[in-house]
Structures are given as C-alpha cells and as structure tokens.
file data.txt (compact mmCIF, C-alpha atoms and all ligand atoms)
# COMPACT_ATOMS: atom_id res chain seq x y z
CA MET A 1 82.06 124.58 86.63
CA LYS A 2 84.06 124.29 89.82
CA ILE A 3 85.22 120.76 90.47
CA ALA A 4 87.04 119.19 93.44
CA VAL A 5 89.26 116.20 92.68
CA THR A 6 90.93 114.22 95.45
CA GLY A 7 94.61 113.51 94.84
CA ALA A 8 95.15 115.81 91.83
CA PHE A 9 98.92 115.52 92.32
CA SER A 10 98.79 111.72 92.77
CA TYR A 11 97.80 109.07 90.19
CA SER A 12 94.33 108.85 88.57
CA GLY A 13 93.34 112.24 90.03
CA LYS A 14 96.17 113.85 88.06
CA TYR A 15 94.87 112.51 84.73
CA ILE A 16 91.30 113.52 85.55
CA THR A 17 92.39 117.02 86.61
CA SER A 18 94.46 117.52 83.49
CA LYS A 19 91.45 116.74 81.25
CA LEU A 20 89.15 119.03 83.25
CA LEU A 21 91.63 121.92 83.02
CA GLU A 22 91.92 121.35 79.25
CA ARG A 23 88.17 121.93 79.09
CA GLY A 24 88.57 125.22 80.92
CA GLU A 25 87.08 124.11 84.23
CA GLU A 26 88.23 125.39 87.61
CA VAL A 27 89.65 122.55 89.71
CA ILE A 28 90.65 122.40 93.37
CA THR A 29 92.12 119.37 95.07
CA LEU A 30 91.89 117.70 98.46
CA THR A 31 95.21 116.04 99.27
CA ASN A 32 97.60 115.23 102.08
CA HIS A 33 100.53 115.82 99.74
CA PRO A 34 100.18 119.47 98.66
CA ASN A 35 103.95 119.60 98.10
CA ARG A 36 104.13 116.84 95.48
CA PRO A 37 105.38 118.15 92.12
CA ASP A 38 102.52 120.25 90.75
CA PRO A 39 102.08 119.48 87.04
CA PHE A 40 99.48 122.26 86.76
CA ASN A 41 101.71 125.27 87.52
CA GLY A 42 99.71 126.48 90.49
CA LYS A 43 96.35 126.36 88.66
CA VAL A 44 94.96 123.82 91.13
CA LYS A 45 94.57 125.08 94.68
CA ALA A 46 95.19 122.38 97.30
CA PHE A 47 93.19 121.90 100.51
CA PRO A 48 93.71 119.27 103.24
CA LEU A 49 92.13 115.83 102.85
CA ASN A 50 91.63 115.90 106.60
CA PHE A 51 88.84 113.57 107.70
CA SER A 52 89.13 114.55 111.34
CA ASN A 53 87.92 118.05 110.50
CA ALA A 54 84.54 117.65 108.80
CA GLU A 55 83.76 121.36 109.19
CA GLU A 56 86.86 122.33 107.26
CA LEU A 57 85.94 119.82 104.52
CA VAL A 58 82.45 121.35 104.27
CA LYS A 59 83.95 124.85 104.13
CA ASN A 60 86.39 123.92 101.37
CA LEU A 61 83.72 122.12 99.35
CA ARG A 62 81.25 125.04 99.37
CA GLY A 63 80.67 126.33 95.85
CA ILE A 64 81.85 123.06 94.27
CA ASP A 65 79.55 121.61 91.58
CA VAL A 66 81.07 118.15 91.31
CA LEU A 67 83.35 116.13 93.59
CA VAL A 68 85.51 113.47 91.92
CA ASN A 69 86.51 111.07 94.67
CA THR A 70 89.51 108.80 94.14
CA TYR A 71 90.28 108.35 97.86
CA TRP A 72 91.05 104.88 99.16
CA ILE A 73 93.94 103.09 100.83
CA ARG A 74 95.59 99.96 99.45
CA PHE A 75 96.38 98.25 102.75
CA ASP A 76 96.40 98.80 106.49
CA LYS A 77 99.33 100.34 108.29
CA GLY A 78 99.04 101.40 111.93
CA ASN A 79 95.81 103.35 112.43
CA ASN A 80 95.46 103.95 108.70
CA THR A 81 93.24 100.95 108.01
CA GLN A 82 90.68 100.04 105.40
CA PRO A 83 87.75 100.08 107.90
CA LYS A 84 88.98 103.58 108.87
CA ALA A 85 89.05 104.52 105.17
CA VAL A 86 85.38 103.48 104.95
CA GLU A 87 84.62 105.81 107.87
CA ASN A 88 86.70 108.56 106.20
CA THR A 89 84.80 108.15 102.95
CA ARG A 90 81.54 108.58 104.81
CA VAL A 91 82.87 111.81 106.34
CA LEU A 92 83.90 113.09 102.89
CA VAL A 93 80.60 112.16 101.20
CA ASP A 94 78.59 113.72 104.05
CA ALA A 95 80.71 116.88 103.87
CA ALA A 96 80.11 117.16 100.12
CA ALA A 97 76.34 116.76 100.56
CA LYS A 98 76.32 119.34 103.40
CA ALA A 99 78.35 121.77 101.31
CA GLY A 100 75.72 121.61 98.55
CA VAL A 101 77.84 119.68 96.01
CA LYS A 102 75.39 118.56 93.31
CA ARG A 103 77.14 115.52 91.87
CA ILE A 104 79.77 113.01 92.89
CA VAL A 105 81.90 110.89 90.57
CA HIS A 106 83.22 108.11 92.71
CA ILE A 107 85.99 105.65 91.80
CA SER A 108 85.39 102.17 93.20
CA ILE A 109 86.56 98.71 92.01
CA THR A 110 85.10 95.84 90.00
CA ASN A 111 82.96 93.40 91.97
CA PRO A 112 82.62 95.17 95.34
CA SER A 113 80.46 93.19 97.73
CA ALA A 114 79.12 93.72 101.22
CA ASP A 115 79.49 89.95 101.72
CA SER A 116 83.15 89.80 100.74
CA HIS A 117 85.64 88.75 103.41
CA LEU A 118 88.20 91.05 101.74
CA PRO A 119 88.29 94.55 103.31
CA TYR A 120 89.11 96.19 99.96
CA PHE A 121 85.95 94.75 98.39
CA TRP A 122 83.50 95.08 101.30
CA GLY A 123 84.90 98.54 102.01
CA LYS A 124 84.27 99.61 98.43
CA ALA A 125 80.71 98.26 98.66
CA ALA A 126 80.13 100.29 101.84
CA ASN A 127 81.53 103.43 100.16
CA GLU A 128 79.27 102.98 97.15
CA LYS A 129 76.27 102.81 99.48
CA PHE A 130 77.27 106.14 101.11
CA VAL A 131 77.41 107.68 97.62
CA VAL A 132 74.07 106.23 96.48
CA ASP A 133 72.35 107.29 99.73
CA SER A 134 73.96 110.75 99.81
CA GLY A 135 71.19 112.57 97.96
CA MET A 136 73.70 113.89 95.41
CA ASN A 137 73.55 112.78 91.78
CA TYR A 138 76.23 110.18 91.23
CA ALA A 139 78.29 108.17 88.81
CA ILE A 140 80.29 105.28 90.21
CA LEU A 141 83.13 103.90 88.10
CA ARG A 142 84.55 100.49 88.91
CA PRO A 143 88.03 100.01 87.43
CA THR A 144 90.21 96.93 87.57
CA VAL A 145 94.00 97.18 87.90
CA LEU A 146 95.18 100.49 86.43
CA PHE A 147 98.21 100.83 84.20
CA GLY A 148 100.05 103.99 83.27
CA LYS A 149 103.33 105.77 83.92
CA GLU A 150 102.81 106.06 87.69
CA ASP A 151 101.41 102.55 88.09
CA ILE A 152 102.60 100.26 90.89
CA LEU A 153 101.49 96.63 90.25
CA ILE A 154 102.38 96.19 86.58
CA ASN A 155 105.48 98.35 86.93
CA ASN A 156 106.71 96.22 89.82
CA ILE A 157 106.06 92.94 87.96
CA ALA A 158 108.27 94.36 85.18
CA TRP A 159 110.85 95.40 87.79
CA LEU A 160 110.93 91.87 89.26
CA LEU A 161 111.22 90.32 85.80
CA ARG A 162 114.13 92.64 85.02
CA LYS A 163 115.92 91.82 88.30
CA LEU A 164 115.31 88.12 88.95
CA PRO A 165 116.03 84.98 86.91
CA ILE A 166 112.66 83.38 87.74
CA PHE A 167 109.20 84.69 88.65
CA GLY A 168 107.01 82.94 91.24
CA LEU A 169 103.31 82.89 90.32
CA PRO A 170 100.82 82.70 93.19
CA GLY A 171 99.13 79.37 92.30
CA ASP A 172 99.02 78.42 88.65
CA GLY A 173 98.37 81.96 87.39
CA SER A 174 95.14 80.95 85.63
CA TYR A 175 92.94 83.60 87.31
CA LYS A 176 92.10 86.55 85.11
CA LEU A 177 92.28 90.32 84.98
CA SER A 178 91.34 93.08 82.54
CA PRO A 179 93.72 95.97 83.17
CA VAL A 180 92.56 99.48 82.32
CA TYR A 181 94.65 102.46 81.17
CA VAL A 182 94.53 105.32 83.69
CA ASP A 183 93.96 107.88 80.92
CA ASP A 184 90.92 105.93 79.68
CA LEU A 185 89.52 105.83 83.22
CA ALA A 186 90.06 109.60 83.37
CA ASP A 187 88.01 109.99 80.15
CA LEU A 188 85.13 108.07 81.75
CA ALA A 189 85.40 110.18 84.91
CA VAL A 190 85.31 113.43 82.93
CA GLU A 191 82.33 112.20 80.89
CA ALA A 192 80.63 111.37 84.20
CA VAL A 193 81.22 114.91 85.52
CA TYR A 194 78.99 116.35 82.77
CA LYS A 195 76.22 113.73 82.82
CA LYS A 196 73.16 114.24 84.97
CA GLU A 197 71.92 110.70 85.48
CA ASN A 198 72.91 108.24 88.17
CA TYR A 199 74.80 105.16 87.04
CA ILE A 200 77.35 102.53 88.00
CA TRP A 201 79.75 101.36 85.29
CA ASP A 202 82.63 98.93 85.25
CA ALA A 203 85.74 100.54 83.76
CA ILE A 204 87.82 97.84 82.12
CA GLY A 205 90.24 97.65 79.23
CA PRO A 206 89.86 95.57 76.06
CA ASP A 207 92.02 92.60 77.16
CA GLU A 208 91.24 89.73 79.46
CA PHE A 209 94.48 87.98 80.41
CA THR A 210 95.24 85.24 82.85
CA PHE A 211 97.78 86.52 85.37
CA LYS A 212 100.31 84.16 83.79
CA GLU A 213 99.61 85.48 80.28
CA MET A 214 99.95 89.06 81.49
CA THR A 215 103.25 88.32 83.23
CA GLU A 216 104.53 86.56 80.09
CA LEU A 217 103.51 89.57 77.99
CA ILE A 218 105.34 91.97 80.30
CA GLY A 219 108.47 89.76 80.28
CA LYS A 220 108.43 89.41 76.50
CA THR A 221 107.99 93.15 75.98
CA VAL A 222 110.85 94.17 78.28
CA ASN A 223 112.97 91.42 76.76
CA LYS A 224 113.20 89.38 79.96
CA LYS A 225 111.43 86.12 79.24
CA ARG A 226 111.70 84.39 82.62
CA ALA A 227 110.56 80.99 83.78
CA LEU A 228 107.22 81.50 85.52
CA ILE A 229 107.06 78.99 88.35
CA PRO A 230 103.75 78.14 90.08
CA PHE A 231 104.11 78.51 93.86
CA PRO A 232 101.59 77.72 96.60
CA PRO A 233 99.97 81.18 97.04
CA ARG A 234 101.14 81.63 100.64
CA LEU A 235 104.72 80.76 99.64
CA ALA A 236 104.62 83.30 96.79
CA LEU A 237 103.33 85.83 99.30
CA LEU A 238 106.13 84.97 101.73
CA ALA A 239 108.68 85.47 98.95
CA ALA A 240 107.12 88.86 98.11
CA GLN A 241 107.21 89.80 101.80
CA PHE A 242 110.88 88.84 101.99
CA MET A 243 111.70 90.93 98.91
CA SER A 244 109.68 93.82 100.38
CA LEU A 245 112.39 94.11 103.05
CA PHE A 246 114.92 95.14 100.38
CA VAL A 247 112.70 97.83 98.89
CA ASN A 248 111.16 98.99 102.18
CA ASP A 249 107.62 98.44 100.93
CA VAL A 250 104.67 96.06 101.08
CA MET A 251 104.83 94.44 97.65
CA LEU A 252 101.75 92.28 97.98
CA THR A 253 99.20 91.59 100.71
CA PRO A 254 97.34 88.32 101.47
CA GLU A 255 94.07 90.09 100.56
CA GLU A 256 95.45 91.13 97.18
CA VAL A 257 96.46 87.55 96.41
CA ASP A 258 92.97 86.36 97.43
CA GLY A 259 91.24 89.08 95.37
CA LEU A 260 93.34 88.31 92.31
CA MET A 261 92.84 84.55 92.59
CA ALA A 262 89.06 84.98 93.11
CA ASN A 263 88.75 86.54 89.62
CA LEU A 264 87.48 89.83 91.05
CA LEU A 265 89.42 91.99 88.60
CA ILE A 266 87.33 91.17 85.54
CA SER A 267 83.88 92.22 84.43
CA LYS A 268 80.84 90.79 82.69
CA GLU A 269 80.21 94.17 81.03
CA ALA A 270 81.62 95.04 77.61
CA PRO A 271 84.90 96.97 77.86
CA ARG A 272 84.42 100.75 77.83
CA CYS A 273 88.12 101.56 77.59
CA LYS A 274 90.10 101.07 74.44
CA THR A 275 93.82 101.09 75.24
CA SER A 276 95.39 97.66 75.19
CA LEU A 277 98.06 96.86 77.77
CA LYS A 278 100.02 95.21 74.95
CA ASP A 279 100.23 98.46 72.95
CA TRP A 280 101.00 100.56 76.01
CA LEU A 281 103.78 98.19 77.08
CA LYS A 282 105.33 98.37 73.60
CA GLU A 283 105.41 102.16 73.75
CA ASN A 284 106.79 102.19 77.29
CA LYS A 285 109.09 99.18 77.22
CA SER A 286 112.25 101.20 77.88
CA THR A 287 110.86 102.73 81.09
CA VAL A 288 108.37 100.25 82.59
CA GLY A 289 109.90 98.49 85.60
CA MET A 290 113.20 100.38 85.42
CA LYS A 291 112.53 101.75 88.91
CA TYR A 292 110.64 100.11 91.76
CA ALA A 293 107.42 101.99 92.64
CA SER A 294 106.80 102.03 96.38
CA GLU A 295 103.30 102.31 97.85
CA LEU A 296 104.75 103.07 101.29
CA ALA A 297 106.90 105.92 99.99
CA ARG A 298 103.96 107.35 98.07
CA HIS A 299 101.23 107.19 100.66
CA PHE A 300 102.35 106.34 104.19
N1 LIG B 401 95.60 101.81 91.24
C1 LIG B 401 94.93 100.74 90.85
O1 LIG B 401 95.46 99.81 90.22
C2 LIG B 401 93.45 100.63 91.16
C3 LIG B 401 92.75 99.47 90.81
C4 LIG B 401 91.38 99.41 91.07
C5 LIG B 401 90.72 100.46 91.70
N2 LIG B 401 91.44 101.55 92.02
C6 LIG B 401 90.73 102.64 92.69
O2 LIG B 401 90.95 103.84 91.99
C7 LIG B 401 91.00 104.94 92.90
C8 LIG B 401 92.21 105.77 92.62
O3 LIG B 401 93.38 104.96 92.77
P1 LIG B 401 94.80 105.59 92.48
O4 LIG B 401 95.74 104.43 92.42
O5 LIG B 401 94.71 106.54 91.36
O6 LIG B 401 95.05 106.36 93.86
P2 LIG B 401 96.02 107.56 94.24
O7 LIG B 401 95.95 108.64 93.23
O8 LIG B 401 97.33 107.00 94.59
O9 LIG B 401 95.30 108.05 95.60
C9 LIG B 401 93.96 108.52 95.54
C10 LIG B 401 93.66 109.38 96.75
O10 LIG B 401 93.68 108.57 97.92
C11 LIG B 401 94.64 109.08 98.86
N3 LIG B 401 95.36 107.95 99.46
C12 LIG B 401 95.86 106.87 98.83
N4 LIG B 401 96.45 106.04 99.71
C13 LIG B 401 96.33 106.64 100.92
C14 LIG B 401 96.76 106.30 102.23
N5 LIG B 401 97.40 105.15 102.48
N6 LIG B 401 96.49 107.15 103.24
C15 LIG B 401 95.81 108.30 103.01
N7 LIG B 401 95.38 108.69 101.78
C16 LIG B 401 95.64 107.87 100.76
C17 LIG B 401 95.59 109.95 98.05
O11 LIG B 401 96.11 110.95 98.91
P3 LIG B 401 97.17 112.06 98.42
O12 LIG B 401 96.38 113.05 97.62
O13 LIG B 401 97.66 112.63 99.71
O14 LIG B 401 98.18 111.34 97.61
C18 LIG B 401 94.68 110.50 96.97
O15 LIG B 401 94.00 111.64 97.41
C19 LIG B 401 90.95 104.35 94.30
O16 LIG B 401 89.63 104.45 94.76
C20 LIG B 401 91.30 102.89 94.09
O17 LIG B 401 90.69 102.05 95.04
C21 LIG B 401 92.78 101.68 91.78

call {"tool": "encode", "arguments": {"input": "data.txt", "output": "structure tokens", "more": "lines below"}}
Ligand SMILES: NC(=O)c1ccc[n+]([C@@H]2O[C@H](COP(=O)([O-])OP(=O)(O)OC[C@H]3O[C@@H](n4cnc5c(N)ncnc54)[C@H](OP(=O)(O)O)[C@@H]3O)[C@@H](O)[C@H]2O)c1
result
Amino acid sequence: MKIAVTGAFSYSGKYITSKLLERGEEVITLTNHPNRPDPFNGKVKAFPLNFSNAEELVKNLRGIDVLVNTYWIRFDKGNNTQPKAVENTRVLVDAAAKAGVKRIVHISITNPSADSHLPYFWGKAANEKFVVDSGMNYAILRPTVLFGKEDILINNIAWLLRKLPIFGLPGDGSYKLSPVYVDDLADLAVEAVYKKENYIWDAIGPDEFTFKEMTELIGKTVNKKRALIPFPPRLALLAAQFMSLFVNDVMLTPEEVDGLMANLLISKEAPRCKTSLKDWLKENKSTVGMKYASELARHF
C-alpha cells in the first residue's frame, strides 16, 4: 500500500510511520518541518502540509491508498487559530477525497462536541464530520492525553516538579484523565489502516487517575514528592503564564484548564491500550522532565 501520514517527523505520526515501514508499506508525509531529524533515513518522502494550495495537496495525494491524519493545533497564535485549523482540515479531507484516497484514519480527541464552548473540542467535532461526510472509508480514533518520549504535558509536569518546591493544582485536582501511550495509539492507527469498516473508537490507556493522583505519581517516580497545593484555577493559570515567560512558551491555556476540569479526557469505553503510565514512568524516570518541552519551539 501507499500511505500518507501527516507529521511523520513529529510526534504520533512518527510512531505510526515507523510501524507502517516495519510492515513494508510505502509511506510519504505531509509536513511543514521537512528538515526535522529524519528517523527513517530518507525512506519517507516529505511534501508540504500547505492548506493554501489545495491543488498541490490533491497532486501529492494521488495514488495514496490511506491518509493518516494527525493534524491539529494546540492553541491559537496570530493567524494560526483553531477555527482556521478546522478550515484547514476540511481542505485536507477534501483534497484526499478528490485525489481518490480510499480510506482515512483520523486522530481526534475524547468527547468532541459541536456544542462545546471549547474550540479544541468543537473543532474536533467539526473535523470528524468532514471525515464522516467525505465519502472515503474512515476510522476515527479519539485519544486522551498522550505520553511518550516526545510528550509535552506529562514531561512538563515532571519538569516543574523537578524545579519547584511546590506544585499548584488548578482547583482541587479531583478531575480525571486516562493517559494513553503514543505507541499504543500508533498500534490502533495501523490496525485501522488495514480495516475496511467505518468506526469511531476512543483510544485510552488502562489507568484512570485524578489529576492530583497523576501528579503525585509523577513526583514519586522522579523522586520529587512535592506539596500539591490547590489553587483557584485562574490563579494556577496565571502562575503557569508567568512561568511561561521564562521558557518562552505557552505552558497552559484557559481552554486546557477548562477541558481538564470538565472531565473530558476520560472515556466510558473499555480501554483499548495496555501500557500503564506508572510502568512507563518507572522505565523513563531518569529522562522524563529533565528538559522542558516547548510547544512554541516545536510548532510555531
Ligand atoms: N499530544 C496529545 O497529548 C494529544 C492528546 C489528545 C489528542 N491528540 C491529538 O492527536 C493528534 C496528534 O497529536 P500529536 O501531539 O502527535 O501532534 P504532532 O505530531 O505534534 O503534530 C501533528 C501534525 O499537526 C501539525 N501541527 C501541529 N501543531 C501545529 C501548528 N501549531 N501549526 C501547524 N501545524 C501544526 C504538525 O506539523 P509538522 O509536521 O510540521 O510538525 C503535524 O503534521 C492531534 O490531532 C491531536 O489533537 C493529541
């Protein structure tokens, strides 16, 4: 097969690509960072992820059997906004359908909703609709927070716990999440490439932690058991925004705090992914959080 994966040199796309190459498939990527370190020794040809040139997208997607779409943006910056990312996703899905791509494997998020006031969640709902209405066969995977070597959120919690004597929880930290290992998500995506039927699956790991429990677990594993202090959510956000100045990043957005506190990162479905965050942290305790991971440096 010939498969196009967005972001094959970035995060989840890299794990998915690696598994497809192991199976002997031909993979191309659509990316705006063709010069990122290429872990595939030139085996994956890179084409622009340029939404302002739909014709070029169609041309580069001709002959592709399956598109694996990981594209999304975490937060707005300048003209690069989440509503624009919804428009961009429509352009990409339309281009794939026009190019004759037969199937799309689309990465979404748990609990997307057209009624949500949070752009991440209503945007994901809008994207899913483009995929379902595209005429292509589809599988939609809805992960929660990912963890893995290149992760941002869990890595940066570990980084903060390593650096600071206390950790401010937004609210009481009782809201829940079920983190999922990026390599397990990649397994589900690869399985979805070969299936023929249409489906929408949540992609969650085996644990369901409160945010406080997860932060305690990270602190215990990296040997930095800190006092976890409940803060009014907006104050915790303000503190994160202040610290962002020192790392030249956006550590946390108001929408992310709201999404987390609204219990949107858990699922009612049985877990499909097996790797426990606890086990992964144990194996990676000497590296997790040693360096700050910057979203701005990576994507903007
Ligand atoms: N990471 C998580 O914890 C998490 C949690 C739940 C759901 N998800 C979903 O899983 C999917 C993959 O996430 P990921 O973390 O693995 O993403 P990623 O690999 O960092 O990026 C995926 C793709 O989106 C592009 N992209 C990301 N941010 C962008 C920006 N600001 N401007 C332009 N392009 C941008 C990347 O472009 P380049 O190729 O140029 O890098 C790449 O092609 C996304 O749909 C995300 O919503 C992720």

call {"tool": "atom_distance", "arguments": {"input": "data.txt", "atom1": "CA of Leu281 in chain A", "atom2": "CA of Tyr181 in chain A"}}
result
10.9 Å

call {"tool": "closest_atom_pairs", "arguments": {"input": "data.txt", "of": "chain A", "to": "ligand LIG 401 (chain B)", "cutoff": "6 Å", "atoms": "all atoms listed in the file", "output": "Markdown table"}}
result
| residue | atom | partner | partner_atom | distance |
| --- | --- | --- | --- | --- |
| A:Thr6 | CA | B:LIG401 | O15 | 4.5 |
| A:Gly7 | CA | B:LIG401 | O15 | 3.2 |
| A:Ser10 | CA | B:LIG401 | O7 | 4.2 |
| A:Tyr11 | CA | B:LIG401 | O7 | 3.6 |
| A:Ser12 | CA | B:LIG401 | O5 | 3.6 |
| A:Gly13 | CA | B:LIG401 | O7 | 5.5 |
| A:Thr31 | CA | B:LIG401 | O12 | 3.6 |
| A:Asn32 | CA | B:LIG401 | O13 | 3.5 |
| A:His33 | CA | B:LIG401 | O13 | 4.3 |
| A:Thr70 | CA | B:LIG401 | C7 | 4.3 |
| A:Tyr71 | CA | B:LIG401 | O10 | 3.4 |
| A:Trp72 | CA | B:LIG401 | O16 | 4.6 |
| A:Ile73 | CA | B:LIG401 | N4 | 4.0 |
| A:Ile107 | CA | B:LIG401 | O16 | 4.8 |
| A:Ser108 | CA | B:LIG401 | O16 | 5.1 |
| A:Ile109 | CA | B:LIG401 | C5 | 4.5 |
| A:Pro143 | CA | B:LIG401 | C4 | 5.0 |
| A:Thr144 | CA | B:LIG401 | C4 | 4.4 |
| A:Val145 | CA | B:LIG401 | O1 | 3.8 |
| A:Leu146 | CA | B:LIG401 | O1 | 3.9 |
| A:His299 | CA | B:LIG401 | N5 | 4.7 |
| A:Phe300 | CA | B:LIG401 | N5 | 5.4 |

call {"tool": "write_last_selection", "arguments": {"input": "data.txt", "atoms": "C-alpha atoms", "output": "short mmCIF file (atom, residue, chain, number, x, y, z; two decimals), keeping the file's coordinate frame"}}
result
data_model
loop_
_atom_site.label_atom_id
_atom_site.label_comp_id
_atom_site.auth_asym_id
_atom_site.auth_seq_id
_atom_site.Cartn_x
_atom_site.Cartn_y
_atom_site.Cartn_z
CA THR A 6 90.93 114.22 95.45
CA GLY A 7 94.61 113.51 94.84
CA SER A 10 98.79 111.72 92.77
CA TYR A 11 97.80 109.07 90.19
CA SER A 12 94.33 108.85 88.57
CA GLY A 13 93.34 112.24 90.03
CA THR A 31 95.21 116.04 99.27
CA ASN A 32 97.60 115.23 102.08
CA HIS A 33 100.53 115.82 99.74
CA THR A 70 89.51 108.80 94.14
CA TYR A 71 90.28 108.35 97.86
CA TRP A 72 91.05 104.88 99.16
CA ILE A 73 93.94 103.09 100.83
CA ILE A 107 85.99 105.65 91.80
CA SER A 108 85.39 102.17 93.20
CA ILE A 109 86.56 98.71 92.01
CA PRO A 143 88.03 100.01 87.43
CA THR A 144 90.21 96.93 87.57
CA VAL A 145 94.00 97.18 87.90
CA LEU A 146 95.18 100.49 86.43
CA HIS A 299 101.23 107.19 100.66
CA PHE A 300 102.35 106.34 104.19
#

call {"tool": "residues_around", "arguments": {"input": "data.txt", "residues": "Phe209 in chain A", "least_positions_apart": "6", "cutoff": "7 Å", "atoms": "all atoms listed in the file", "output": "VMD selection string"}}
result
chain A and resid 176 to 178

call {"tool": "closest_atom_pairs", "arguments": {"input": "data.txt", "of": "range 155-268 of chain A", "to": "range 127-142 of chain A", "cutoff": "9 Å", "atoms": "all atoms listed in the file", "output": "Markdown table"}}
result
| residue | atom | partner | partner_atom | distance |
| --- | --- | --- | --- | --- |
| A:Leu185 | CA | A:Leu141 | CA | 8.3 |
| A:Leu188 | CA | A:Leu141 | CA | 7.9 |
| A:Ala189 | CA | A:Leu141 | CA | 7.4 |
| A:Ala192 | CA | A:Ala139 | CA | 6.1 |
| A:Val193 | CA | A:Ala139 | CA | 8.1 |
| A:Lys195 | CA | A:Ala139 | CA | 8.4 |
| A:Lys196 | CA | A:Asn137 | CA | 7.0 |
| A:Glu197 | CA | A:Asn137 | CA | 6.8 |
| A:Asn198 | CA | A:Tyr138 | CA | 4.9 |
| A:Tyr199 | CA | A:Ala139 | CA | 4.9 |
| A:Ile200 | CA | A:Ile140 | CA | 4.6 |
| A:Trp201 | CA | A:Leu141 | CA | 5.1 |
| A:Asp202 | CA | A:Arg142 | CA | 4.4 |
| A:Ala203 | CA | A:Arg142 | CA | 5.3 |
| A:Ile204 | CA | A:Arg142 | CA | 8.0 |

call {"tool": "atom_distance", "arguments": {"input": "data.txt", "atom1": "CA of Arg90 in chain A", "atom2": "CA of Ala54 in chain A"}}
result
10.4 Å

call {"tool": "residues_near_point", "arguments": {"input": "data.txt", "point": "(81.4, 88.9, 90.9)", "cutoff": "9 Å", "atoms": "all atoms listed in the file", "output": "PyMOL selection string"}}
result
chain A and resi 110-113+262-268

call {"tool": "write_last_selection", "arguments": {"input": "data.txt", "atoms": "C-alpha atoms", "output": "compact mmCIF listing (two decimals), keeping the file's coordinate frame"}}
result
# COMPACT_ATOMS: atom_id res chain seq x y z
CA THR A 110 85.10 95.84 90.00
CA ASN A 111 82.96 93.40 91.97
CA PRO A 112 82.62 95.17 95.34
CA SER A 113 80.46 93.19 97.73
CA ALA A 262 89.06 84.98 93.11
CA ASN A 263 88.75 86.54 89.62
CA LEU A 264 87.48 89.83 91.05
CA LEU A 265 89.42 91.99 88.60
CA ILE A 266 87.33 91.17 85.54
CA SER A 267 83.88 92.22 84.43
CA LYS A 268 80.84 90.79 82.69

call {"tool": "residues_around", "arguments": {"input": "data.txt", "residues": "Ala236 in chain A", "least_positions_apart": "3", "cutoff": "8 Å", "atoms": "only C-alpha atoms", "output": "short mmCIF file (atom, residue, chain, number, x, y, z; two decimals) with C-alpha atoms, in the frame of the given file"}}
result
data_model
loop_
_atom_site.label_atom_id
_atom_site.label_comp_id
_atom_site.auth_asym_id
_atom_site.auth_seq_id
_atom_site.Cartn_x
_atom_site.Cartn_y
_atom_site.Cartn_z
CA GLY A 168 107.01 82.94 91.24
CA LEU A 169 103.31 82.89 90.32
CA PRO A 170 100.82 82.70 93.19
CA PHE A 231 104.11 78.51 93.86
CA PRO A 232 101.59 77.72 96.60
CA PRO A 233 99.97 81.18 97.04
CA ALA A 239 108.68 85.47 98.95
CA ALA A 240 107.12 88.86 98.11
#

call {"tool": "residues_around", "arguments": {"input": "data.txt", "residues": "range 213-216 of chain A", "least_positions_apart": "4", "cutoff": "12 Å", "atoms": "only C-alpha atoms", "output": "ChimeraX atom specification"}}
result
/A:145,153-162,166-170,172-179,207-209,220-229,276-278,281

call {"tool": "atom_distance", "arguments": {"input": "data.txt", "atom1": "CA of Val93 in chain A", "atom2": "CA of Val66 in chain A"}}
result
11.6 Å

call {"tool": "residues_around", "arguments": {"input": "data.txt", "residues": "Val44 in chain A", "least_positions_apart": "2", "cutoff": "8 Å", "atoms": "only C-alpha atoms", "output": "list in words"}}
result
Glu26, Val27, Ile28, Thr29, Phe40, Asn41, Gly42 and Ala46 of chain A

call {"tool": "residues_around", "arguments": {"input": "data.txt", "residues": "range 242-247 of chain A", "least_positions_apart": "2", "cutoff": "12 Å", "atoms": "all atoms listed in the file", "output": "PyMOL selection string"}}
result
chain A and resi 156+159-160+163-164+235-240+249-253+291-297
